[in-house]
file input01.pdb (PDB, C-alpha atoms, pLDDT in the B column)
MODEL        1
ATOM      1  CA  MET Q 593     -45.115 -32.660  84.239  1.00 44.00           C
ATOM      2  CA  LEU Q 594     -42.247 -31.359  86.153  1.00 46.00           C
ATOM      3  CA  ASN Q 595     -42.262 -34.588  88.052  1.00 50.00           C
ATOM      4  CA  GLN Q 596     -42.014 -36.577  84.907  1.00 51.00           C
ATOM      5  CA  LEU Q 597     -39.142 -34.548  83.712  1.00 49.00           C
ATOM      6  CA  ALA Q 598     -37.475 -34.984  87.006  1.00 48.00           C
ATOM      7  CA  ILE Q 599     -37.968 -38.757  86.895  1.00 48.00           C
ATOM      8  CA  ALA Q 600     -36.666 -38.915  83.362  1.00 49.00           C
ATOM      9  CA  GLU Q 601     -33.719 -36.907  84.403  1.00 49.00           C
ATOM     10  CA  VAL Q 602     -33.023 -39.009  87.454  1.00 51.00           C
ATOM     11  CA  GLY Q 603     -33.408 -42.333  85.633  1.00 56.00           C
ATOM     12  CA  ASN Q 604     -31.377 -41.691  82.537  1.00 69.00           C
ATOM     13  CA  PRO Q 605     -30.338 -38.131  82.119  1.00 74.00           C
ATOM     14  CA  MET Q 606     -28.509 -38.715  78.937  1.00 87.00           C
ATOM     15  CA  LEU Q 607     -31.447 -40.237  77.152  1.00 87.00           C
ATOM     16  CA  GLY Q 608     -33.597 -37.226  77.921  1.00 84.00           C
ATOM     17  CA  ASN Q 609     -30.915 -34.890  76.615  1.00 90.00           C
ATOM     18  CA  ILE Q 610     -30.618 -36.891  73.437  1.00 92.00           C
ATOM     19  CA  ILE Q 611     -34.367 -36.816  72.873  1.00 92.00           C
ATOM     20  CA  VAL Q 612     -34.600 -33.051  73.516  1.00 92.00           C
ATOM     21  CA  VAL Q 613     -31.576 -32.274  71.347  1.00 93.00           C
ATOM     22  CA  SER Q 614     -32.810 -34.611  68.611  1.00 94.00           C
ATOM     23  CA  GLY Q 615     -36.271 -33.081  68.701  1.00 93.00           C
ATOM     24  CA  SER Q 616     -34.796 -29.591  68.629  1.00 94.00           C
ATOM     25  CA  PHE Q 617     -32.563 -30.580  65.714  1.00 94.00           C
ATOM     26  CA  VAL Q 618     -35.497 -32.023  63.753  1.00 95.00           C
ATOM     27  CA  ILE Q 619     -37.554 -28.884  64.384  1.00 94.00           C
ATOM     28  CA  LEU Q 620     -34.588 -26.705  63.414  1.00 92.00           C
ATOM     29  CA  MET Q 621     -34.123 -28.690  60.222  1.00 90.00           C
ATOM     30  CA  PHE Q 622     -37.803 -28.425  59.380  1.00 91.00           C
ATOM     31  CA  LEU Q 623     -37.739 -24.669  59.975  1.00 90.00           C
ATOM     32  CA  LEU Q 624     -34.535 -24.290  57.932  1.00 86.00           C
ATOM     33  CA  LYS Q 625     -36.015 -26.308  55.097  1.00 86.00           C
ATOM     34  CA  HIS Q 626     -39.256 -24.405  55.174  1.00 85.00           C
ATOM     35  CA  PHE Q 627     -37.875 -20.857  55.561  1.00 88.00           C
ATOM     36  CA  ALA Q 628     -34.191 -20.863  54.494  1.00 84.00           C
ATOM     37  CA  TRP Q 629     -33.621 -23.766  52.118  1.00 85.00           C
ATOM     38  CA  GLY Q 630     -35.641 -22.271  49.225  1.00 84.00           C
ATOM     39  CA  PRO Q 631     -33.913 -18.850  49.275  1.00 86.00           C
ATOM     40  CA  ILE Q 632     -30.474 -20.459  49.765  1.00 86.00           C
ATOM     41  CA  SER Q 633     -31.164 -22.854  46.855  1.00 88.00           C
ATOM     42  CA  ASP Q 634     -32.293 -19.910  44.721  1.00 90.00           C
ATOM     43  CA  ILE Q 635     -29.136 -17.954  45.575  1.00 91.00           C
ATOM     44  CA  LEU Q 636     -26.943 -20.972  44.758  1.00 91.00           C
ATOM     45  CA  LYS Q 637     -28.854 -21.599  41.503  1.00 94.00           C
ATOM     46  CA  LYS Q 638     -28.452 -17.946  40.499  1.00 94.00           C
ATOM     47  CA  ARG Q 639     -24.744 -18.116  41.276  1.00 94.00           C
ATOM     48  CA  GLU Q 640     -24.408 -21.310  39.245  1.00 94.00           C
ATOM     49  CA  ASP Q 641     -26.245 -19.709  36.303  1.00 95.00           C
ATOM     50  CA  LYS Q 642     -24.096 -16.582  36.542  1.00 94.00           C
ATOM     51  CA  ILE Q 643     -20.890 -18.621  36.527  1.00 94.00           C
ATOM     52  CA  ALA Q 644     -22.154 -20.659  33.536  1.00 93.00           C
ATOM     53  CA  ASN Q 645     -23.093 -17.440  31.697  1.00 94.00           C
ATOM     54  CA  ASP Q 646     -19.695 -15.920  32.498  1.00 93.00           C
ATOM     55  CA  LEU Q 647     -17.953 -19.033  31.148  1.00 92.00           C
ATOM     56  CA  ASP Q 648     -20.097 -18.957  27.992  1.00 92.00           C
ATOM     57  CA  SER Q 649     -19.443 -15.239  27.586  1.00 93.00           C
ATOM     58  CA  ALA Q 650     -15.713 -15.788  28.031  1.00 92.00           C
ATOM     59  CA  GLU Q 651     -15.755 -18.562  25.416  1.00 93.00           C
ATOM     60  CA  GLN Q 652     -17.701 -16.351  22.990  1.00 94.00           C
ATOM     61  CA  SER Q 653     -15.259 -13.504  23.613  1.00 94.00           C
ATOM     62  CA  ARG Q 654     -12.337 -15.848  22.949  1.00 93.00           C
ATOM     63  CA  ILE Q 655     -13.947 -17.055  19.700  1.00 95.00           C
ATOM     64  CA  LYS Q 656     -14.698 -13.465  18.675  1.00 95.00           C
ATOM     65  CA  ALA Q 657     -11.111 -12.433  19.443  1.00 94.00           C
ATOM     66  CA  ALA Q 658      -9.801 -15.344  17.371  1.00 94.00           C
ATOM     67  CA  LYS Q 659     -12.042 -14.316  14.453  1.00 95.00           C
ATOM     68  CA  MET Q 660     -10.907 -10.705  14.753  1.00 95.00           C
ATOM     69  CA  GLU Q 661      -7.266 -11.808  14.804  1.00 94.00           C
ATOM     70  CA  GLN Q 662      -7.827 -13.933  11.710  1.00 95.00           C
ATOM     71  CA  GLU Q 663      -9.555 -11.027   9.933  1.00 94.00           C
ATOM     72  CA  ARG Q 664      -6.705  -8.713  10.929  1.00 94.00           C
ATOM     73  CA  GLU Q 665      -4.161 -11.164   9.529  1.00 93.00           C
ATOM     74  CA  GLN Q 666      -6.152 -11.420   6.292  1.00 94.00           C
ATOM     75  CA  GLN Q 667      -6.309  -7.618   6.058  1.00 93.00           C
ATOM     76  CA  LEU Q 668      -2.579  -7.451   6.732  1.00 92.00           C
ATOM     77  CA  LEU Q 669      -1.908  -9.966   3.975  1.00 92.00           C
ATOM     78  CA  ALA Q 670      -4.212  -8.036   1.645  1.00 92.00           C
ATOM     79  CA  SER Q 671      -2.402  -4.802   2.530  1.00 92.00           C
ATOM     80  CA  ARG Q 672       0.952  -6.419   1.819  1.00 91.00           C
ATOM     81  CA  SER Q 673      -0.365  -7.741  -1.479  1.00 92.00           C
ATOM     82  CA  ASP Q 674      -1.725  -4.290  -2.377  1.00 92.00           C
ATOM     83  CA  ALA Q 675       1.599  -2.698  -1.464  1.00 92.00           C
ATOM     84  CA  ALA Q 676       3.454  -5.217  -3.619  1.00 91.00           C
ATOM     85  CA  ASP Q 677       1.068  -4.505  -6.515  1.00 93.00           C
ATOM     86  CA  ILE Q 678       1.544  -0.754  -6.108  1.00 93.00           C
ATOM     87  CA  ILE Q 679       5.331  -1.160  -6.111  1.00 93.00           C
ATOM     88  CA  LYS Q 680       5.153  -3.467  -9.146  1.00 92.00           C
ATOM     89  CA  ASN Q 681       2.914  -0.999 -11.010  1.00 93.00           C
ATOM     90  CA  ALA Q 682       5.195   1.895 -10.092  1.00 91.00           C
ATOM     91  CA  LYS Q 683       8.224  -0.015 -11.383  1.00 91.00           C
ATOM     92  CA  GLU Q 684       6.413  -0.925 -14.601  1.00 92.00           C
ATOM     93  CA  SER Q 685       5.242   2.653 -15.040  1.00 92.00           C
ATOM     94  CA  GLY Q 686       8.754   3.955 -14.395  1.00 91.00           C
ATOM     95  CA  GLU Q 687      10.232   1.489 -16.886  1.00 91.00           C
ATOM     96  CA  LEU Q 688       7.598   2.443 -19.469  1.00 92.00           C
ATOM     97  CA  SER Q 689       8.313   6.139 -18.897  1.00 92.00           C
ATOM     98  CA  ARG Q 690      12.044   5.491 -19.205  1.00 91.00           C
ATOM     99  CA  GLN Q 691      11.516   3.624 -22.471  1.00 92.00           C
ATOM    100  CA  ASN Q 692       9.226   6.376 -23.814  1.00 93.00           C
ATOM    101  CA  ILE Q 693      11.737   9.064 -22.859  1.00 93.00           C
ATOM    102  CA  LEU Q 694      14.552   7.056 -24.419  1.00 91.00           C
ATOM    103  CA  LYS Q 695      12.494   6.495 -27.594  1.00 92.00           C
ATOM    104  CA  ASP Q 696      11.546  10.187 -27.790  1.00 92.00           C
ATOM    105  CA  THR Q 697      15.167  11.176 -27.246  1.00 92.00           C
ATOM    106  CA  GLN Q 698      16.350   8.792 -29.962  1.00 92.00           C
ATOM    107  CA  GLU Q 699      13.705  10.129 -32.336  1.00 91.00           C
ATOM    108  CA  GLU Q 700      14.734  13.705 -31.509  1.00 92.00           C
ATOM    109  CA  VAL Q 701      18.395  12.850 -32.052  1.00 91.00           C
ATOM    110  CA  ALA Q 702      17.567  11.186 -35.381  1.00 92.00           C
ATOM    111  CA  ARG Q 703      15.462  14.188 -36.400  1.00 92.00           C
ATOM    112  CA  LEU Q 704      18.207  16.635 -35.399  1.00 92.00           C
ATOM    113  CA  LYS Q 705      20.814  14.522 -37.177  1.00 90.00           C
ATOM    114  CA  SER Q 706      18.676  14.395 -40.303  1.00 91.00           C
ATOM    115  CA  LYS Q 707      18.093  18.150 -40.119  1.00 90.00           C
ATOM    116  CA  ALA Q 708      21.801  18.755 -39.582  1.00 90.00           C
ATOM    117  CA  GLN Q 709      22.651  16.571 -42.573  1.00 91.00           C
ATOM    118  CA  ALA Q 710      20.083  18.432 -44.669  1.00 90.00           C
ATOM    119  CA  ASP Q 711      21.503  21.757 -43.478  1.00 90.00           C
ATOM    120  CA  ILE Q 712      25.020  20.551 -44.230  1.00 90.00           C
ATOM    121  CA  THR Q 713      23.945  19.414 -47.697  1.00 91.00           C
ATOM    122  CA  LEU Q 714      22.247  22.755 -48.307  1.00 89.00           C
ATOM    123  CA  GLU Q 715      25.268  24.695 -47.114  1.00 87.00           C
ATOM    124  CA  ARG Q 716      27.607  22.509 -49.162  1.00 86.00           C
ATOM    125  CA  ASP Q 717      25.463  22.939 -52.261  1.00 86.00           C
ATOM    126  CA  SER Q 718      25.260  26.664 -51.628  1.00 87.00           C
ATOM    127  CA  ALA Q 719      29.017  26.851 -51.120  1.00 82.00           C
ATOM    128  CA  LEU Q 720      29.610  24.778 -54.250  1.00 80.00           C
ATOM    129  CA  ASN Q 721      27.292  27.010 -56.266  1.00 82.00           C
ATOM    130  CA  SER Q 722      29.044  30.067 -54.903  1.00 83.00           C
ATOM    131  CA  VAL Q 723      32.430  28.572 -55.690  1.00 78.00           C
ATOM    132  CA  LYS Q 724      31.223  27.558 -59.156  1.00 77.00           C
ATOM    133  CA  ASP Q 725      30.060  31.078 -59.813  1.00 77.00           C
ATOM    134  CA  ASP Q 726      33.318  32.518 -58.529  1.00 77.00           C
ATOM    135  CA  VAL Q 727      35.358  30.016 -60.535  1.00 73.00           C
ATOM    136  CA  ALA Q 728      33.261  30.686 -63.618  1.00 71.00           C
ATOM    137  CA  ASP Q 729      33.822  34.413 -63.287  1.00 75.00           C
ATOM    138  CA  LEU Q 730      37.533  33.909 -62.695  1.00 73.00           C
ATOM    139  CA  SER Q 731      37.860  31.495 -65.565  1.00 73.00           C
ATOM    140  CA  LEU Q 732      36.085  33.948 -67.859  1.00 69.00           C
ATOM    141  CA  GLN Q 733      38.344  36.724 -66.750  1.00 70.00           C
ATOM    142  CA  ILE Q 734      41.373  34.516 -67.322  1.00 70.00           C
ATOM    143  CA  ALA Q 735      40.076  33.313 -70.668  1.00 69.00           C
ATOM    144  CA  ALA Q 736      39.327  36.893 -71.684  1.00 67.00           C
ATOM    145  CA  LYS Q 737      42.803  37.936 -70.736  1.00 63.00           C
ATOM    146  CA  ILE Q 738      44.285  34.977 -72.552  1.00 66.00           C
ATOM    147  CA  LEU Q 739      42.287  35.566 -75.616  1.00 67.00           C
ATOM    148  CA  ASN Q 740      42.348  39.304 -75.199  1.00 53.00           C
ATOM    149  CA  LYS Q 741      38.913  39.557 -76.380  1.00 57.00           C
ATOM    150  CA  GLU Q 742      35.400  39.595 -75.133  1.00 62.00           C
ATOM    151  CA  LEU Q 743      33.380  36.423 -75.200  1.00 61.00           C
ATOM    152  CA  SER Q 744      29.903  36.384 -76.524  1.00 70.00           C
ATOM    153  CA  PRO Q 745      27.137  35.569 -74.011  1.00 71.00           C
ATOM    154  CA  GLU Q 746      26.542  32.211 -75.699  1.00 76.00           C
ATOM    155  CA  MET Q 747      30.189  31.257 -75.519  1.00 73.00           C
ATOM    156  CA  HIS Q 748      30.361  32.572 -72.005  1.00 71.00           C
ATOM    157  CA  GLU Q 749      27.403  30.383 -70.949  1.00 76.00           C
ATOM    158  CA  SER Q 750      28.859  27.375 -72.758  1.00 78.00           C
ATOM    159  CA  LEU Q 751      32.221  27.729 -70.979  1.00 71.00           C
ATOM    160  CA  ILE Q 752      30.510  28.127 -67.614  1.00 75.00           C
ATOM    161  CA  ASN Q 753      28.393  25.017 -68.136  1.00 78.00           C
ATOM    162  CA  GLN Q 754      31.410  22.967 -69.197  1.00 78.00           C
ATOM    163  CA  TYR Q 755      33.375  24.134 -66.216  1.00 73.00           C
ATOM    164  CA  ILE Q 756      30.461  23.455 -63.809  1.00 75.00           C
ATOM    165  CA  GLU Q 757      30.028  19.958 -65.216  1.00 77.00           C
ATOM    166  CA  GLY Q 758      33.704  19.394 -64.693  1.00 73.00           C
ATOM    167  CA  LEU Q 759      33.475  20.587 -61.090  1.00 68.00           C
ATOM    168  CA  GLY Q 760      30.347  18.537 -60.483  1.00 63.00           C
ATOM    169  CA  SER Q 761      31.969  15.325 -61.703  1.00 64.00           C
ATOM    170  CA  SER Q 762      35.134  15.985 -59.664  1.00 58.00           C
ATOM    171  CA  ASN Q 763      33.057  16.589 -56.481  1.00 55.00           C
ATOM    172  CA  GLU Q 764      31.035  13.425 -57.014  1.00 56.00           C
ATOM    173  CA  THR Q 765      34.181  11.306 -57.053  1.00 54.00           C
ATOM    174  CA  ARG Q 766      35.130  12.585 -53.629  1.00 51.00           C
TER     175      ARG Q 766
ENDMDL
END

call {"tool": "encode", "arguments": {"input": "input01.pdb", "output": "structure tokens"}}
result
Amino acid sequence: MLNQLAIAEVGNPMLGNIIVVSGSFVILMFLLKHFAWGPISDILKKREDKIANDLDSAEQSRIKAAKMEQEREQQLLASRSDAADIIKNAKESGELSRQNILKDTQEEVARLKSKAQADITLERDSALNSVKDDVADLSLQIAAKILNKELSPEMHESLINQYIEGLGSSNETR
């Protein structure tokens, strides 16, 4: 066999090298396919699946973030609307309170004015009655002095009533 190799080498050394290298390459490829190709394919498939899952997960996260942003904007708009409603209600309540206070104050002023007018009327009537009594007494004293005599109670009452009627009609014209 060594002789044959030697003859092959002597005749065409390059052809022998090509055959040996080609045979070695085919055997190496067969061994790689049988022992390494399956695990390498599995590793590449797993990597491909992982990358696809990561891309899907990233897309889902982006969609979820967009939904959360939209919900946050809706909540913000709702909060602004609620704040505007609270301010509007506070203004309306304040205006209503102001009107109620103003109404109560006007009613109190009217009541106090009415009471003051009633008190004034009472005081005026009391003063007029007092003045009438004083004037009646004075007029009787003057009349008694003028007449130099005592008046009877009936005459006295008659003079007082006439005088009071006279005062009453003069006060009403004022």

call {"tool": "atom_distance", "arguments": {"input": "input01.pdb", "atom1": "CA of Ile611 in chain Q", "atom2": "CA of His626 in chain Q"}}
result
22.2 Å

call {"tool": "atom_distance", "arguments": {"input": "input01.pdb", "atom1": "CA of Glu699 in chain Q", "atom2": "CA of Leu714 in chain Q"}}
result
22.1 Å

call {"tool": "atom_distance", "arguments": {"input": "input01.pdb", "atom1": "CA of Ser750 in chain Q", "atom2": "CA of Asn721 in chain Q"}}
result
16.6 Å
